[in-house]
file entry.txt (compact mmCIF, C-alpha atoms)
# COMPACT_ATOMS: atom_id res chain seq x y z
CA MET B 1 0.00 0.00 0.00
CA LEU B 2 3.01 2.28 -0.60
CA ASN B 3 3.32 2.78 3.17
CA TYR B 4 0.08 4.77 3.21
CA ILE B 5 -0.72 2.88 6.41
CA PRO B 6 2.30 2.44 8.72
CA ALA B 7 3.07 -1.20 9.45
CA ARG B 8 2.39 -0.77 13.19
CA TYR B 9 -1.22 0.23 12.39
CA GLU B 10 -2.07 -2.47 9.84
CA GLU B 11 -3.05 -5.05 12.46
CA GLN B 12 -5.18 -2.48 14.31
CA LEU B 13 -6.99 -1.69 11.08
CA ASN B 14 -8.65 -5.10 11.09
CA ASP B 15 -10.15 -4.38 14.50
CA TYR B 16 -11.54 -0.97 13.57
CA LYS B 17 -15.32 -0.59 13.74
CA TYR B 18 -16.95 2.50 12.31
CA LYS B 19 -19.31 4.41 14.56
CA GLY B 20 -21.18 7.50 13.51
CA SER B 21 -24.43 9.39 13.20
CA ASP B 22 -25.91 12.12 11.06
CA ALA B 23 -28.48 14.46 12.61
CA SER B 24 -29.18 16.26 9.32
CA LEU B 25 -32.87 16.36 8.45
CA PHE B 26 -31.96 16.49 4.76
CA TYR B 27 -29.95 13.31 5.15
CA LYS B 28 -32.60 11.54 7.20
CA HIS B 29 -35.64 12.36 5.08
CA ILE B 30 -34.23 12.81 1.56
CA LEU B 31 -30.66 11.73 0.87
CA SER B 32 -30.50 8.49 2.83
CA PRO B 33 -33.86 7.14 1.56
CA LEU B 34 -32.91 8.11 -2.00
CA ALA B 35 -29.54 6.36 -1.77
CA GLN B 36 -31.21 3.28 -0.26
CA HIS B 37 -33.74 3.22 -3.11
CA VAL B 38 -30.93 3.33 -5.66
CA VAL B 39 -29.08 0.50 -3.92
CA ASP B 40 -32.17 -1.68 -3.58
CA ASN B 41 -33.45 -1.19 -7.12
CA TYR B 42 -30.52 -0.41 -9.41
CA PHE B 43 -27.27 -1.76 -7.98
CA PRO B 44 -26.62 -5.49 -8.46
CA GLU B 45 -25.01 -7.36 -5.57
CA THR B 46 -21.96 -7.97 -7.76
CA LEU B 47 -21.19 -4.25 -7.77
CA ALA B 48 -18.39 -3.64 -5.29
CA PRO B 49 -18.90 -0.80 -2.78
CA ASN B 50 -15.47 0.64 -3.59
CA THR B 51 -16.49 0.82 -7.25
CA ILE B 52 -19.49 2.92 -6.24
CA THR B 53 -17.18 5.18 -4.24
CA LEU B 54 -14.85 5.60 -7.20
CA ILE B 55 -17.68 6.28 -9.66
CA GLY B 56 -19.12 8.87 -7.30
CA PHE B 57 -15.77 10.64 -7.12
CA GLN B 58 -15.62 10.79 -10.93
CA PHE B 59 -18.85 12.81 -10.94
CA MET B 60 -16.88 15.50 -9.10
CA LEU B 61 -13.57 15.04 -10.88
CA ILE B 62 -14.77 15.26 -14.50
CA PRO B 63 -16.36 18.76 -14.24
CA HIS B 64 -13.30 19.89 -12.31
CA LEU B 65 -10.97 18.70 -15.09
CA ILE B 66 -13.07 20.50 -17.70
CA ILE B 67 -12.88 23.75 -15.72
CA LEU B 68 -9.16 23.19 -15.18
CA PHE B 69 -8.67 22.70 -18.93
CA MET B 70 -10.56 25.90 -19.69
CA PHE B 71 -8.82 27.99 -17.01
CA PRO B 72 -5.54 26.25 -16.13
CA ALA B 73 -3.86 29.13 -14.34
CA VAL B 74 -6.53 31.03 -12.44
CA LEU B 75 -9.61 30.41 -10.28
CA GLY B 76 -11.84 32.50 -12.49
CA GLY B 77 -12.94 33.12 -16.03
CA TRP B 78 -16.32 32.95 -17.70
CA ILE B 79 -17.67 29.46 -16.98
CA PRO B 80 -20.59 28.68 -19.32
CA ALA B 81 -24.00 27.96 -17.81
CA TRP B 82 -24.10 24.40 -19.19
CA LEU B 83 -20.87 23.54 -17.37
CA LEU B 84 -22.14 24.98 -14.11
CA ILE B 85 -25.31 22.88 -14.41
CA ILE B 86 -23.24 19.76 -15.16
CA THR B 87 -21.10 20.52 -12.12
CA ALA B 88 -24.22 20.89 -9.97
CA ILE B 89 -25.59 17.57 -11.24
CA GLY B 90 -22.20 15.96 -10.58
CA HIS B 91 -22.27 17.17 -6.99
CA PHE B 92 -25.75 15.74 -6.46
CA LEU B 93 -24.81 12.37 -7.95
CA TYR B 94 -21.70 12.35 -5.79
CA MET B 95 -23.86 12.80 -2.69
CA ILE B 96 -26.03 9.84 -3.67
CA PHE B 97 -23.11 7.55 -4.47
CA ASP B 98 -21.19 8.65 -1.36
CA ASN B 99 -24.09 7.40 0.73
CA ALA B 100 -24.89 4.41 -1.45
CA ASP B 101 -21.48 2.77 -1.12
CA GLY B 102 -21.91 2.09 2.59
CA LYS B 103 -25.45 0.84 2.08
CA GLN B 104 -24.22 -1.48 -0.68
CA ALA B 105 -21.46 -2.75 1.61
CA ARG B 106 -23.96 -3.60 4.33
CA LYS B 107 -26.34 -5.13 1.79
CA THR B 108 -23.66 -7.46 0.40
CA GLY B 109 -21.80 -8.04 3.67
CA ASN B 110 -18.63 -6.41 2.33
CA SER B 111 -18.13 -3.71 4.94
CA SER B 112 -14.47 -3.29 5.81
CA PRO B 113 -12.10 -0.76 7.40
CA LEU B 114 -10.24 -0.45 4.10
CA GLY B 115 -13.50 0.39 2.36
CA LEU B 116 -14.10 3.15 4.88
CA LEU B 117 -10.55 4.39 4.41
CA PHE B 118 -11.06 4.53 0.65
CA ASP B 119 -14.41 6.31 1.06
CA HIS B 120 -13.06 8.97 3.40
CA GLY B 121 -9.91 9.28 1.29
CA CYS B 122 -12.06 10.18 -1.72
CA ASP B 123 -14.02 12.59 0.46
CA ALA B 124 -10.76 14.29 1.45
CA MET B 125 -9.66 14.64 -2.19
CA ASN B 126 -13.11 15.89 -3.07
CA THR B 127 -12.68 18.75 -0.61
CA PHE B 128 -9.82 19.95 -2.82
CA VAL B 129 -11.58 19.25 -6.14
CA SER B 130 -14.89 20.77 -5.12
CA GLY B 131 -13.15 23.81 -3.65
CA LEU B 132 -11.44 24.61 -6.94
CA CYS B 133 -14.75 24.47 -8.81
CA VAL B 134 -16.58 26.63 -6.26
CA PHE B 135 -13.88 29.29 -6.11
CA ALA B 136 -13.63 29.42 -9.90
CA ALA B 137 -17.40 29.92 -10.14
CA LEU B 138 -17.16 32.67 -7.51
CA GLN B 139 -14.39 34.36 -9.49
CA LEU B 140 -12.13 34.48 -6.45
CA GLY B 141 -9.00 34.16 -8.59
CA ASN B 142 -5.57 33.37 -7.17
CA THR B 143 -6.10 35.52 -4.10
CA MET B 144 -6.00 35.33 -0.34
CA TRP B 145 -9.78 34.98 -0.41
CA ALA B 146 -9.45 31.65 -2.22
CA LEU B 147 -6.82 30.55 0.30
CA VAL B 148 -9.09 31.47 3.19
CA GLY B 149 -11.90 29.50 1.55
CA TYR B 150 -9.64 26.47 1.29
CA LEU B 151 -8.53 26.75 4.89
CA ILE B 152 -12.18 26.83 5.95
CA ALA B 153 -13.11 23.79 3.84
CA PHE B 154 -10.13 21.70 4.91
CA GLY B 155 -10.44 22.91 8.48
CA VAL B 156 -14.01 21.64 8.80
CA PHE B 157 -13.13 18.27 7.25
CA PHE B 158 -9.95 17.86 9.30
CA MET B 159 -11.55 18.82 12.61
CA ALA B 160 -14.45 16.40 12.11
CA THR B 161 -11.95 13.60 11.46
CA TRP B 162 -9.79 14.78 14.35
CA GLU B 163 -12.78 14.58 16.67
CA GLU B 164 -13.57 11.06 15.42
CA TYR B 165 -9.98 10.00 16.14
CA PHE B 166 -10.24 10.93 19.81
CA VAL B 167 -13.94 10.31 20.47
CA GLY B 168 -14.27 7.13 18.39
CA SER B 169 -17.39 8.26 16.55
CA LEU B 170 -18.08 10.53 13.58
CA ASP B 171 -21.20 12.41 14.65
CA LEU B 172 -22.41 15.05 12.20
CA PRO B 173 -24.64 17.86 13.54
CA TRP B 174 -28.05 18.81 12.17
CA PHE B 175 -26.36 21.27 9.79
CA ASN B 176 -23.16 19.95 8.24
CA GLY B 177 -20.97 20.30 5.18
CA ALA B 178 -21.57 16.79 3.86
CA ASN B 179 -25.28 17.47 3.44
CA GLU B 180 -26.51 21.05 3.73
CA GLY B 181 -23.10 22.38 2.68
CA LEU B 182 -23.12 20.47 -0.60
CA VAL B 183 -26.76 21.37 -1.21
CA GLY B 184 -25.79 25.02 -0.78
CA ILE B 185 -22.97 24.60 -3.30
CA ILE B 186 -25.35 22.95 -5.78
CA LEU B 187 -27.75 25.88 -5.44
CA LEU B 188 -24.82 28.27 -5.86
CA TYR B 189 -23.92 26.64 -9.17
CA ILE B 190 -27.51 26.81 -10.41
CA PHE B 191 -27.85 30.44 -9.35
CA THR B 192 -24.54 31.32 -11.03
CA ALA B 193 -25.65 29.56 -14.23
CA ILE B 194 -28.69 31.85 -14.27
CA VAL B 195 -27.07 35.18 -13.43
CA GLY B 196 -23.57 34.60 -14.80
CA CYS B 197 -20.21 34.41 -13.05
CA ASP B 198 -19.70 38.18 -13.28
CA PHE B 199 -22.44 38.60 -10.68
CA TRP B 200 -19.99 37.67 -7.93
CA LEU B 201 -17.72 40.58 -8.85
CA LYS B 202 -20.40 43.15 -8.09
CA THR B 203 -20.17 45.08 -4.85
CA ILE B 204 -22.43 46.23 -2.08
CA GLY B 205 -21.11 48.72 0.41
CA GLY B 206 -17.68 48.37 -1.18
CA ILE B 207 -17.56 44.60 -0.58
CA GLN B 208 -17.65 42.13 -3.45
CA PHE B 209 -20.42 39.53 -3.37
CA ASN B 210 -17.94 36.65 -3.60
CA HIS B 211 -16.15 37.94 -0.50
CA ILE B 212 -19.46 37.99 1.32
CA VAL B 213 -19.88 34.30 0.44
CA VAL B 214 -16.47 33.53 1.98
CA PHE B 215 -17.54 35.43 5.11
CA GLY B 216 -20.68 33.29 5.12
CA PHE B 217 -18.61 30.10 4.90
CA SER B 218 -16.56 31.30 7.87
CA PHE B 219 -19.66 32.19 9.89
CA ILE B 220 -20.96 28.63 9.44
CA ALA B 221 -17.64 26.82 9.83
CA ILE B 222 -16.24 28.43 12.97
CA PRO B 223 -19.03 27.26 15.34
CA THR B 224 -18.70 23.75 13.87
CA ILE B 225 -14.95 23.69 14.52
CA ILE B 226 -15.46 25.01 18.05
CA SER B 227 -17.98 22.21 18.63
CA ASN B 228 -15.41 19.63 17.48
CA ILE B 229 -12.88 20.97 19.96
CA ARG B 230 -15.37 21.04 22.84
CA ASN B 231 -16.45 17.46 22.15
CA VAL B 232 -12.88 16.25 22.49

call {"tool": "encode", "arguments": {"input": "entry.txt", "output": "C-alpha cells"}}
result
Amino acid sequence: MLNYIPARYEEQLNDYKYKGSDASLFYKHILSPLAQHVVDNYFPETLAPNTITLIGFQFMLIPHLIILFMFPAVLGGWIPAWLLIITAIGHFLYMIFDNADGKQARKTGNSSPLGLLFDHGCDAMNTFVSGLCVFAALQLGNTMWALVGYLIAFGVFFMATWEEYFVGSLDLPWFNGANEGLVGIILLYIFTAIVGCDFWLKTIGGIQFNHIVVFGFSFIAIPTIISNIRNV
C-alpha cells in the first residue's frame, strides 16, 4: 500500500469498527432514503462498494478537469452555464453515491475498514476538487480569499476527522458540510448559471459579493470547529 498505512497500524486496522451518526434532516428524510432506493433497485449485488465510491468521485472530478482545462492558471474566467449545471448535477450524484457505497457494503456483507478508508480518502480529495470548482465559479482568482476559503473547507473536514480520532465516533450535527453544505454549493452553481459568473464581482457597500460568500462560509464553519474541539 506504498506505506500509506504504517506497518504498526495495519493489524489495528482489522479491529476498527466505524461508529457515527448524522443528525441532518436532509440526510434523514431525503438523501439516505434516495440512496437506499438506488441500492435496492438499481445496484446489483456484484457491484463492489469501492467501485461505487470511485464512480461517485468521478462525478466530481470530471467537471473539475473541464474547468481546469478551460482555465488552467486562475480560479476565475467565464464558466458557461451548461458547465455549471453539469457541475451541480455531478455534486448531487456524488452525494447519492457517497451514501450508497456504505449501504451497498452492508447489503452485500462487504463492509471493511479499508472500504471506509477509501471512502473517506475520496471525500478528502473531493474537498480539494470541489473547492477549486466553487472558487472558480465565484471568481475568487488566485487571491487570499481563495486561500481562506480552502482553509475553511479543509479545516471543517480535518476537525471532524480529528474529533472522530479521539472520540471514536463521527457524529455530524443537524447542519453539516456533507449534506446542507453540498446542497448550498449545488444551489450556488444553479444560481450562477442563471445570473452569470460576473455577478460575484459586483459590490455592495464596497464589498464584493464573492467575498461575502467567503464570510458566510466562515460564519458557518467556525461554530462547527469550536464544537469539534469542545467534544474532544

call {"tool": "closest_residue", "arguments": {"input": "entry.txt", "among": "B:Leu182, B:Leu68, B:Ala23, B:Leu47", "to": "B:Leu93", "atoms": "all atoms listed in the file"}}
result
B:Leu182

call {"tool": "atom_distance", "arguments": {"input": "entry.txt", "atom1": "atom CA of B:Ala193", "atom2": "atom CA of B:Leu84"}}
result
5.8 Å

call {"tool": "atom_distance", "arguments": {"input": "entry.txt", "atom1": "atom CA of B:Leu201", "atom2": "atom CA of B:Gly181"}}
result
22.2 Å

call {"tool": "atom_distance", "arguments": {"input": "entry.txt", "atom1": "atom CA of B:Pro44", "atom2": "atom CA of B:Leu13"}}
result
28.0 Å

call {"tool": "closest_residue", "arguments": {"input": "entry.txt", "among": "B:Asn231, B:Ser21, B:Ala7, B:Gly109", "to": "B:Trp174", "atoms": "all atoms listed in the file"}}
result
B:Ser21

call {"tool": "closest_residue", "arguments": {"input": "entry.txt", "among": "B:Leu138, B:Leu187, B:Val195, B:Ile152", "to": "B:Val213", "atoms": "only C-alpha atoms"}}
result
B:Leu138

call {"tool": "closest_residue", "arguments": {"input": "entry.txt", "among": "B:Phe191, B:Phe43, B:Trp162, B:Phe128", "to": "B:Asn228", "atoms": "all atoms listed in the file"}}
result
B:Trp162

call {"tool": "closest_residue", "arguments": {"input": "entry.txt", "among": "B:Phe57, B:Thr143, B:Arg8, B:Phe154", "to": "B:Asp119", "atoms": "all atoms listed in the file"}}
result
B:Phe57

call {"tool": "residues_near_point", "arguments": {"input": "entry.txt", "point": "(-18.9, 28.4, 9.9)", "cutoff": "12 Å", "atoms": "all atoms listed in the file", "output": "MDAnalysis selection string"}}
result
chainID B and resid 149 151:153 155:157 175:177 181 213:227

call {"tool": "closest_atom_pairs", "arguments": {"input": "entry.txt", "of": "stretch 178-209 of chain B", "to": "stretch 74-81 of chain B", "cutoff": "10 Å", "atoms": "all atoms listed in the file", "output": "JSON lines"}}
result
{"residue": "B:Tyr189", "atom": "CA", "partner": "B:Ala81", "partner_atom": "CA", "distance": 8.7}
{"residue": "B:Ile190", "atom": "CA", "partner": "B:Ala81", "partner_atom": "CA", "distance": 8.3}
{"residue": "B:Phe191", "atom": "CA", "partner": "B:Ala81", "partner_atom": "CA", "distance": 9.6}
{"residue": "B:Thr192", "atom": "CA", "partner": "B:Ala81", "partner_atom": "CA", "distance": 7.6}
{"residue": "B:Ala193", "atom": "CA", "partner": "B:Ala81", "partner_atom": "CA", "distance": 4.3}
{"residue": "B:Ile194", "atom": "CA", "partner": "B:Ala81", "partner_atom": "CA", "distance": 7.0}
{"residue": "B:Val195", "atom": "CA", "partner": "B:Ala81", "partner_atom": "CA", "distance": 9.0}
{"residue": "B:Gly196", "atom": "CA", "partner": "B:Ala81", "partner_atom": "CA", "distance": 7.3}
{"residue": "B:Cys197", "atom": "CA", "partner": "B:Trp78", "partner_atom": "CA", "distance": 6.2}
{"residue": "B:Asp198", "atom": "CA", "partner": "B:Trp78", "partner_atom": "CA", "distance": 7.6}

call {"tool": "closest_residue", "arguments": {"input": "entry.txt", "among": "B:Val148, B:Leu172, B:Ala88, B:Leu114", "to": "B:Gly184", "atoms": "all atoms listed in the file"}}
result
B:Ala88

call {"tool": "residues_around", "arguments": {"input": "entry.txt", "residues": "B:Lys103", "least_positions_apart": "5", "cutoff": "8 Å", "atoms": "all atoms listed in the file", "output": "short mmCIF file (atom, residue, chain, number, x, y, z; two decimals) with C-alpha atoms, in the coordinates of the input"}}
result
data_model
loop_
_atom_site.label_atom_id
_atom_site.label_comp_id
_atom_site.auth_asym_id
_atom_site.auth_seq_id
_atom_site.Cartn_x
_atom_site.Cartn_y
_atom_site.Cartn_z
CA ALA B 35 -29.54 6.36 -1.77
CA GLN B 36 -31.21 3.28 -0.26
CA VAL B 39 -29.08 0.50 -3.92
#

call {"tool": "residues_near_point", "arguments": {"input": "entry.txt", "point": "(-22.9, 6.2, 17.4)", "cutoff": "12 Å", "atoms": "all atoms listed in the file", "output": "list in words"}}
result
Lys17, Tyr18, Lys19, Gly20, Ser21, Asp22, Ala23, Glu164, Val167, Gly168, Ser169, Leu170, Asp171 and Leu172 of chain B

call {"tool": "residues_around", "arguments": {"input": "entry.txt", "residues": "B:Thr127", "least_positions_apart": "2", "cutoff": "9 Å", "atoms": "all atoms listed in the file", "output": "list of chain:residue names"}}
result
B:Cys122, B:Asp123, B:Ala124, B:Met125, B:Val129, B:Ser130, B:Gly131, B:Leu132, B:Tyr150, B:Ala153, B:Phe154, B:Phe157
